[in-house]
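Enquirer: File name coords-v2.txt; file contents compact mmCIF, C-alpha atoms and all ligand atoms; full text below.
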# COMPACT_ATOMS: atom_id res chain seq x y z
CA MET F 1 0.00 0.00 0.00
CA LYS F 2 1.28 3.47 -0.94
CA VAL F 3 2.29 5.84 1.90
CA LYS F 4 0.33 9.07 1.40
CA LYS F 5 -0.08 10.56 4.87
CA ALA F 6 2.34 12.10 7.31
CA ILE F 7 1.92 13.37 10.83
CA ILE F 8 4.12 15.98 12.46
CA PRO F 9 3.91 16.04 16.27
CA ALA F 10 4.48 19.65 17.30
CA ALA F 11 2.71 19.95 20.64
CA GLY F 12 5.67 19.65 23.01
CA TYR F 13 6.61 22.41 25.46
CA GLY F 14 10.13 22.90 24.10
CA THR F 15 11.63 23.36 27.56
CA ARG F 16 15.18 23.03 26.25
CA PHE F 17 14.74 26.28 24.36
CA LEU F 18 13.26 28.53 27.02
CA PRO F 19 12.66 31.44 27.21
CA ALA F 20 12.22 31.58 23.38
CA THR F 21 9.54 28.89 23.56
CA LYS F 22 7.52 30.51 26.35
CA SER F 23 4.98 31.82 23.86
CA MET F 24 6.57 30.82 20.55
CA PRO F 25 6.37 27.25 19.19
CA LYS F 26 9.89 25.84 18.83
CA GLU F 27 8.78 24.37 15.49
CA MET F 28 8.50 27.98 14.24
CA LEU F 29 12.11 28.88 15.06
CA THR F 30 13.63 29.93 11.77
CA ILE F 31 16.62 28.39 10.04
CA VAL F 32 17.90 31.41 8.07
CA ASP F 33 14.50 32.41 6.61
CA LYS F 34 12.22 29.37 6.99
CA PRO F 35 10.56 27.98 10.11
CA ALA F 36 11.81 24.46 10.90
CA ILE F 37 8.32 23.03 10.39
CA GLN F 38 8.12 24.42 6.83
CA ILE F 39 11.38 22.62 5.99
CA ILE F 40 9.78 19.42 7.33
CA VAL F 41 6.55 19.90 5.35
CA GLU F 42 8.66 20.49 2.21
CA GLU F 43 10.51 17.22 2.87
CA ALA F 44 7.17 15.37 3.16
CA VAL F 45 5.93 16.85 -0.12
CA ALA F 46 9.21 15.98 -1.86
CA ALA F 47 8.69 12.38 -0.68
CA GLY F 48 5.26 12.19 -2.34
CA ILE F 49 3.12 12.78 0.75
CA GLU F 50 -0.28 14.33 -0.05
CA ASP F 51 -1.89 14.90 3.36
CA ILE F 52 -0.15 16.13 6.48
CA LEU F 53 -1.57 16.26 10.00
CA ILE F 54 0.19 18.59 12.41
CA ILE F 55 -0.39 17.76 16.08
CA THR F 56 -0.59 21.12 17.82
CA GLY F 57 -1.45 22.31 21.30
CA ARG F 58 -2.19 25.49 23.20
CA GLY F 59 0.03 28.39 22.17
CA LYS F 60 0.81 26.84 18.79
CA ASP F 61 -1.67 28.80 16.63
CA MET F 62 1.23 30.51 14.87
CA ILE F 63 1.87 27.22 13.03
CA GLN F 64 -1.64 27.24 11.56
CA ASP F 65 -1.31 30.91 10.60
CA HIS F 66 1.94 30.16 8.78
CA PHE F 67 0.36 27.61 6.41
CA ASP F 68 -2.83 29.69 5.92
CA ASN F 69 -3.52 32.32 3.25
CA THR F 70 -2.48 35.89 4.14
CA PRO F 71 -4.78 38.11 2.03
CA GLU F 72 -3.69 41.46 3.53
CA LEU F 73 0.02 40.76 3.11
CA GLU F 74 -0.53 39.36 -0.39
CA ALA F 75 -2.52 42.47 -1.39
CA VAL F 76 0.31 44.73 -0.17
CA LEU F 77 2.99 42.73 -2.00
CA GLU F 78 0.90 42.77 -5.17
CA LYS F 79 0.36 46.52 -4.94
CA GLN F 80 4.08 47.07 -4.45
CA GLY F 81 4.87 44.85 -7.46
CA LYS F 82 6.93 42.43 -5.35
CA ALA F 83 6.06 39.39 -7.46
CA GLU F 84 8.90 37.20 -6.17
CA LEU F 85 7.97 37.70 -2.51
CA LEU F 86 4.29 37.22 -3.33
CA LYS F 87 5.12 33.84 -4.84
CA ILE F 88 7.17 32.84 -1.79
CA VAL F 89 4.24 33.72 0.48
CA GLN F 90 1.62 31.97 -1.65
CA ASP F 91 3.73 28.84 -2.15
CA VAL F 92 3.77 28.24 1.61
CA SER F 93 -0.04 28.05 1.78
CA ASN F 94 -0.21 25.81 -1.31
CA LEU F 95 2.45 23.30 -0.25
CA ALA F 96 0.14 20.43 0.74
CA ASN F 97 -3.19 19.62 2.37
CA VAL F 98 -2.31 20.49 5.94
CA HIS F 99 -4.70 19.39 8.71
CA TYR F 100 -4.53 19.98 12.45
CA VAL F 101 -5.54 18.25 15.64
CA ARG F 102 -4.86 19.38 19.18
CA GLN F 103 -3.15 17.28 21.79
CA LYS F 104 -4.87 18.64 24.88
CA GLU F 105 -1.97 17.82 27.18
CA ALA F 106 1.64 17.10 26.21
CA LEU F 107 1.65 13.50 27.47
CA GLY F 108 4.51 12.37 25.28
CA LEU F 109 5.34 11.53 21.70
CA GLY F 110 3.37 8.26 21.80
CA HIS F 111 0.28 10.11 23.01
CA ALA F 112 0.76 12.74 20.27
CA VAL F 113 0.88 10.01 17.60
CA LEU F 114 -2.26 8.44 19.05
CA CYS F 115 -4.08 11.76 18.41
CA ALA F 116 -3.68 10.96 14.67
CA LYS F 117 -5.58 7.65 14.79
CA THR F 118 -8.75 8.90 13.04
CA PHE F 119 -6.80 10.84 10.42
CA VAL F 120 -4.60 7.87 9.54
CA GLY F 121 -7.24 5.14 9.43
CA ASN F 122 -5.95 1.79 8.27
CA GLU F 123 -2.91 2.79 6.19
CA PRO F 124 0.83 2.99 6.73
CA PHE F 125 1.92 6.54 7.56
CA VAL F 126 4.96 8.69 8.19
CA VAL F 127 5.89 10.38 11.48
CA MET F 128 8.25 13.37 11.27
CA LEU F 129 9.23 15.12 14.48
CA GLY F 130 8.50 18.83 14.32
CA ASP F 131 11.95 19.91 15.53
CA ASP F 132 14.15 17.46 13.59
CA ILE F 133 15.35 18.56 10.18
CA VAL F 134 17.44 16.49 7.79
CA ASP F 135 19.53 17.96 5.00
CA SER F 136 20.00 15.28 2.33
CA ASP F 137 20.08 14.76 -1.44
CA ILE F 138 17.22 12.23 -1.32
CA PRO F 139 14.60 13.40 1.19
CA CYS F 140 14.99 11.35 4.38
CA THR F 141 11.28 10.48 4.34
CA LYS F 142 11.63 9.18 0.77
CA GLN F 143 14.52 6.95 1.85
CA LEU F 144 12.32 5.46 4.59
CA ILE F 145 9.31 5.01 2.30
CA ASP F 146 11.56 3.15 -0.18
CA ALA F 147 12.63 0.82 2.64
CA PHE F 148 8.97 0.36 3.63
CA GLU F 149 8.13 -0.62 0.06
CA THR F 150 10.93 -3.19 0.06
CA TYR F 151 10.19 -4.82 3.43
CA GLN F 152 6.46 -4.03 3.91
CA CYS F 153 6.89 -3.40 7.63
CA SER F 154 7.44 -0.40 9.91
CA VAL F 155 10.71 1.45 9.35
CA VAL F 156 12.56 3.68 11.82
CA GLY F 157 15.15 6.19 10.62
CA VAL F 158 18.43 5.77 12.49
CA GLN F 159 22.01 7.00 12.50
CA PRO F 160 24.92 6.09 14.72
CA VAL F 161 25.46 8.66 17.48
CA ASP F 162 28.44 9.17 19.74
CA TRP F 163 28.33 6.52 22.50
CA SER F 164 28.31 9.30 25.11
CA GLN F 165 24.92 10.41 23.70
CA VAL F 166 23.00 7.09 23.71
CA ASP F 167 21.12 8.01 26.92
CA LYS F 168 19.37 10.83 25.01
CA TYR F 169 17.69 8.68 22.35
CA GLY F 170 15.61 5.61 21.56
CA ILE F 171 18.28 3.02 20.71
CA VAL F 172 17.80 -0.09 18.57
CA ASP F 173 19.33 -3.54 18.88
CA VAL F 174 20.00 -4.58 15.28
CA GLU F 175 21.50 -7.06 12.87
CA GLU F 176 22.53 -6.22 9.32
CA ILE F 177 20.28 -7.02 6.38
CA LYS F 178 22.06 -5.20 3.58
CA ASP F 179 23.63 -1.83 2.81
CA ARG F 180 21.88 0.67 5.06
CA ASP F 181 19.06 -1.62 6.21
CA LEU F 182 19.09 -3.33 9.60
CA ARG F 183 16.66 -5.75 11.18
CA VAL F 184 15.46 -4.52 14.58
CA ARG F 185 15.73 -7.10 17.39
CA GLY F 186 14.83 -4.78 20.24
CA LEU F 187 14.35 -1.14 21.25
CA VAL F 188 15.22 0.71 24.42
CA GLU F 189 14.42 4.32 25.36
CA LYS F 190 17.35 6.42 26.62
CA PRO F 191 19.51 3.54 27.92
CA ALA F 192 22.53 4.06 30.16
CA LEU F 193 25.78 3.58 28.23
CA GLU F 194 26.43 0.11 29.68
CA GLU F 195 22.92 -1.04 28.76
CA ALA F 196 22.85 0.30 25.19
CA PRO F 197 22.66 -2.57 22.66
CA SER F 198 24.15 -0.36 19.90
CA ASN F 199 24.74 3.30 19.17
CA TYR F 200 22.08 3.42 16.43
CA ALA F 201 19.61 6.11 17.55
CA ILE F 202 16.10 6.68 16.21
CA LEU F 203 16.24 10.22 14.83
CA GLY F 204 12.88 11.81 14.17
CA ARG F 205 11.57 9.88 11.16
CA TYR F 206 9.36 6.77 11.04
CA VAL F 207 7.08 4.89 8.64
CA LEU F 208 4.56 3.01 10.79
CA THR F 209 1.87 0.43 10.15
CA PRO F 210 -1.56 1.32 11.61
CA GLU F 211 -1.30 -1.54 14.16
CA ILE F 212 0.84 0.88 16.19
CA PHE F 213 -2.37 2.54 17.41
CA ASP F 214 -3.55 -0.60 19.28
CA LYS F 215 -0.13 -0.80 20.88
CA LEU F 216 -0.20 2.87 21.86
CA GLN F 217 -3.65 2.49 23.40
CA ASN F 218 -2.25 -0.28 25.60
CA THR F 219 1.00 1.48 26.48
CA LYS F 220 1.28 2.69 30.07
CA PRO F 221 3.03 5.99 30.78
CA GLY F 222 6.78 5.47 31.25
CA LYS F 223 9.57 7.93 32.02
CA ASN F 224 8.19 11.35 33.19
CA GLY F 225 4.59 10.06 33.00
CA GLU F 226 4.76 10.25 29.19
CA ILE F 227 3.52 7.64 26.73
CA GLN F 228 6.65 6.63 24.84
CA LEU F 229 6.48 5.73 21.16
CA THR F 230 9.47 3.43 21.71
CA ASP F 231 7.45 1.31 24.19
CA ALA F 232 4.64 0.87 21.66
CA LEU F 233 7.19 -0.02 18.96
CA ARG F 234 8.50 -2.76 21.25
CA GLY F 235 4.94 -4.14 21.41
CA LEU F 236 4.65 -3.92 17.62
CA LEU F 237 7.93 -5.82 17.25
CA GLU F 238 6.37 -8.82 19.04
CA ASP F 239 3.81 -9.13 16.20
CA GLN F 240 5.56 -7.69 13.13
CA GLY F 241 9.06 -7.04 11.87
CA ILE F 242 10.61 -3.58 12.13
CA VAL F 243 13.46 -2.39 9.92
CA ALA F 244 15.91 0.37 10.86
CA HIS F 245 17.17 2.38 7.90
CA ASN F 246 20.46 4.20 8.41
CA PHE F 247 19.47 7.24 6.37
CA GLU F 248 21.85 9.44 4.40
CA GLY F 249 21.97 13.11 5.32
CA THR F 250 22.78 15.51 8.11
CA ARG F 251 20.20 15.61 10.87
CA TYR F 252 19.78 18.63 13.15
CA ASP F 253 17.83 18.71 16.40
CA THR F 254 16.57 22.28 16.20
CA GLY F 255 14.84 21.94 19.58
CA ASP F 256 18.30 21.91 21.16
CA LYS F 257 20.27 25.17 21.36
CA LEU F 258 23.51 23.79 19.90
CA GLY F 259 21.64 21.76 17.25
CA TYR F 260 19.78 24.90 16.24
CA LEU F 261 23.00 26.92 15.95
CA LYS F 262 24.64 24.20 13.84
CA ALA F 263 21.62 24.09 11.51
CA THR F 264 21.61 27.88 11.16
CA VAL F 265 25.33 28.13 10.37
CA GLU F 266 25.51 25.14 8.00
CA MET F 267 22.31 25.94 6.14
CA GLY F 268 23.30 29.62 6.04
CA LEU F 269 26.49 28.53 4.26
CA ARG F 270 24.31 26.83 1.62
CA HIS F 271 21.67 29.54 1.28
CA SER F 272 21.78 30.97 -2.27
CA GLU F 273 21.18 34.57 -1.19
CA VAL F 274 23.58 34.93 1.73
CA LYS F 275 26.14 32.10 1.48
CA ASP F 276 29.06 34.11 0.03
CA ARG F 277 28.74 37.08 2.37
CA PHE F 278 28.11 34.76 5.33
CA ARG F 279 31.24 32.70 4.54
CA ASP F 280 33.33 35.88 4.32
CA TYR F 281 31.90 37.01 7.65
CA LEU F 282 32.66 33.67 9.33
CA LYS F 283 36.25 33.87 8.03
CA THR F 284 36.71 37.19 9.80
CA LEU F 285 35.47 35.53 12.99
CA GLY F 286 37.85 32.60 12.47
CA GLU F 287 40.81 34.94 12.98
CA SER F 288 39.58 35.92 16.43
CA LEU F 289 38.39 32.48 17.65
P1 LIG F 301 10.70 16.53 22.19
O1 LIG F 301 10.89 15.64 23.34
O2 LIG F 301 11.90 17.02 21.46
O3 LIG F 301 9.81 17.79 22.55
O4 LIG F 301 9.67 15.86 21.18
P2 LIG F 301 9.60 18.62 23.84
O5 LIG F 301 9.03 17.81 24.94
O6 LIG F 301 8.82 19.80 23.37
O7 LIG F 301 11.10 19.07 24.13
P3 LIG F 301 11.83 19.58 25.44
O8 LIG F 301 12.63 18.39 25.89
O9 LIG F 301 10.80 20.05 26.44
O10 LIG F 301 12.70 20.71 24.98
C1 LIG F 301 9.86 15.70 19.79
C2 LIG F 301 8.67 16.25 19.01
O11 LIG F 301 7.45 15.69 19.51
C3 LIG F 301 6.53 16.72 19.86
C4 LIG F 301 7.39 17.98 20.08
O12 LIG F 301 6.65 19.15 19.77
C5 LIG F 301 8.56 17.77 19.12
O13 LIG F 301 8.31 18.31 17.85
N1 LIG F 301 5.78 16.32 21.07
C6 LIG F 301 6.42 15.94 22.20
C7 LIG F 301 4.40 16.37 21.04
O14 LIG F 301 3.79 16.72 19.99
N2 LIG F 301 3.69 16.04 22.15
C8 LIG F 301 4.30 15.66 23.30
O15 LIG F 301 3.59 15.35 24.30
C9 LIG F 301 5.71 15.60 23.33
Rewrite the coordinates I just gave you, this time as structure tokens.
Expert:
Amino acid sequence: MKVKKAIIPAAGYGTRFLPATKSMPKEMLTIVDKPAIQIIVEEAVAAGIEDILIITGRGKDMIQDHFDNTPELEAVLEKQGKAELLKIVQDVSNLANVHYVRQKEALGLGHAVLCAKTFVGNEPFVVMLGDDIVDSDIPCTKQLIDAFETYQCSVVGVQPVDWSQVDKYGIVDVEEIKDRDLRVRGLVEKPALEEAPSNYAILGRYVLTPEIFDKLQNTKPGKNGEIQLTDALRGLLEDQGIVAHNFEGTRYDTGDKLGYLKATVEMGLRHSEVKDRFRDYLKTLGESL
């Protein structure tokens, strides 16, 4: 079955980025000139996704406004003859069919995914975390959908992380299938270094079969009282296979201050409008670092 739907959980509190995220959704933090969540929606569209559900919460209305029409602004740009900017503005609202549902309380990623049950129905679907962006030649989501089409089971996007960082991620126990594909034997959420079965971390992209919803409904709150997606995936693994795809590309956690700065600098160095002047500027800094 073709994967046509994606969900983007974006209802978290973003406590790692306070005070910026006190009233501003972290998913709206801009990387050069685009909010992180727009970069994610563009990735979904480039992977052939037609319908996107964003899981929002209180204080996140700005996300909806961003993907809506802006008649007053468009009228001004038209009047001023700024055709290029008008196109940029209109393209954002025409990117995809974007839908919304509210997670009434931020009870964890698993709970956020469960809010998409009605939207998803009985089809495989993509999950893209609202603060994880991936810069790659082939869209990361496309790489995962290709793996789904090959193996016809849930696929988690992984990359090896530094061993000192394994306690920050969902970690998979794996054996090699071929190339970048690994068969998942087990999953553990934020293990201590000595308990980590590998250093392959699940990094913000999944293709899931709809059976995950039954598992989520039966998953008890774990760490911090949150319903963990990793726990439900462990339940799914008892019934179905799961493949981990070691995706190509650079992943940035823009919900983390350092991750955000890295994304800004590296994507600034690739931005067609500012890259040359930005590189020259960074060189002047290099002398004083
Ligand atoms: P994070 O764990 O990075 O989000 O979740 P957080 O809880 O907002 O972050 P900190 O640790 O407090 O800074 C990854 C993604 O899942 C969403 C977040 O919005 C983020 O995009 N999420 C998380 C939800 O939608 N609902 C939740 O209950 C938790």
Enquirer: Step by step: start from the point (29.2, 7.1, 22.2) in the file's coordinates, keep every protein, DNA or RNA residue that has an atom no farther than 12 Å from it, count only C-alpha atoms, and write the set as a list in words.
Expert: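 Returned residue set, sorted by chain then number, is Pro160, Val161, Asp162, Trp163, Ser164, Gln165, Val166, Asp167, Lys168, Tyr169, Ile171, Pro191, Ala192, Leu193, Glu194, Ala196, Pro197, Ser198, Asn199, Tyr200 and Ala201 of chain F.
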Enquirer: To one decimal in Å, tell me the separation between atom CA of F:Gly186 and atom CA of F:Ile242.
Expert: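 That distance, rounded to one decimal, is 9.2 Å.
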Enquirer: Near stretch 62-78 of chain F, counting all atoms listed in the file, which residues have an atom at most 7 Å away, once you skip same-chain residues fewer than 4 positions from it, shown as a PyMOL selection string?
Expert: chain F and resi 28+82-83+86+92-93
Enquirer: Let's have the selection written as an mmCIF file, in the frame of the given file, with C-alpha atoms.
Expert:
data_model
loop_
_atom_site.group_PDB
_atom_site.id
_atom_site.type_symbol
_atom_site.label_atom_id
_atom_site.label_comp_id
_atom_site.auth_asym_id
_atom_site.auth_seq_id
_atom_site.Cartn_x
_atom_site.Cartn_y
_atom_site.Cartn_z
ATOM 1 C CA MET F 28 8.500 27.980 14.240
ATOM 2 C CA LYS F 82 6.930 42.430 -5.350
ATOM 3 C CA ALA F 83 6.060 39.390 -7.460
ATOM 4 C CA LEU F 86 4.290 37.220 -3.330
ATOM 5 C CA VAL F 92 3.770 28.240 1.610
ATOM 6 C CA SER F 93 -0.040 28.050 1.780
#
Enquirer: Using all atoms listed in the file, pick whichever of F:Leu109, F:Val134, F:Val45, F:Leu144 has the shortest atom-to-atom distance to ligand LIG 301 (chain F).
Expert: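 The closest residue to ligand LIG 301 (chain F) is F:Leu109.
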Enquirer: Show me which residues sit within 7 Å of ligand LIG 301 (chain F) when counting all atoms listed in the file, and put them as number ranges by chain.
Expert: F: 9-17, 27, 55-56, 103, 105-109, 111-112, 129-131, 255-256
Enquirer: Just to confirm, what's the straight-line distance from atom CA of F:Arg234 to atom CA of F:Gly121 in Å (one decimal)?
Expert: 21.2 Å
Enquirer: Separation of atom CA of F:Glu175 and atom CA of F:Ser136, in Å?
Expert: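 That distance, rounded to one decimal, is 24.7 Å.
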Enquirer: Of the residues F:Asp280, F:Glu266, F:Asp132, F:Glu248, which is the one nearest to F:Gly204, using all atoms listed in the file?
Expert: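 Result for the nearest residue to F:Gly204: F:Asp132.
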Enquirer: Could you check which of F:Val126, F:Met267, F:Ile37, F:Ile31 is closest to F:Ile49, using only C-alpha atoms?
Expert: F:Val126
Enquirer: Using all atoms listed in the file, which residues sit within 12 Å of F:Thr118 once same-chain residues fewer than 6 positions away are excluded, as a ChimeraX atom specification?
Expert: /F:7,53,100-101,210,213
Enquirer: Write out the residues from the selection above, keeping C-alpha atoms, as a PDB file, in the coordinates of the input.
Expert:
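Wrote again_24.pdb, looks like this:
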ATOM      1  CA  ILE F   7       1.920  13.370  10.830  1.00  0.00           C
ATOM      2  CA  LEU F  53      -1.570  16.260  10.000  1.00  0.00           C
ATOM      3  CA  TYR F 100      -4.530  19.980  12.450  1.00  0.00           C
ATOM      4  CA  VAL F 101      -5.540  18.250  15.640  1.00  0.00           C
ATOM      5  CA  PRO F 210      -1.560   1.320  11.610  1.00  0.00           C
ATOM      6  CA  PHE F 213      -2.370   2.540  17.410  1.00  0.00           C
TER       7      PHE F 213
END
Enquirer: As JSON, please: the centre and edge lengths in Å, to one decimal, of an axis-aligned box enclosing every listed atom of stretch 214-218 of chain F with 6 Å added on each side.
Expert:
{"center_x": -1.9, "center_y": 1.0, "center_z": 22.4, "size_x": 15.5, "size_y": 15.7, "size_z": 18.3}
Enquirer: Which of these residues is nearest to F:Pro35, using all atoms listed in the file: F:Ile133, F:Leu203, F:Ile138, F:Val156?
Expert: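 That would be F:Ile133, the residue with the smallest distance to F:Pro35.
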Enquirer: Between F:Thr150, F:Tyr252, F:Glu273, F:Val184, single out the one closest to F:Gln240, counting only C-alpha atoms.
Expert: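 The shortest atom-to-atom distance to F:Gln240 comes from F:Val184.
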Enquirer: Can you pull out the residues contacting F:Ile177? Cut-off 12 Å, using only C-alpha atoms, and skip same-chain residues under 3 positions away; I want them as number ranges by chain.
Expert: F: 147, 150-151, 174, 180-185, 242-246
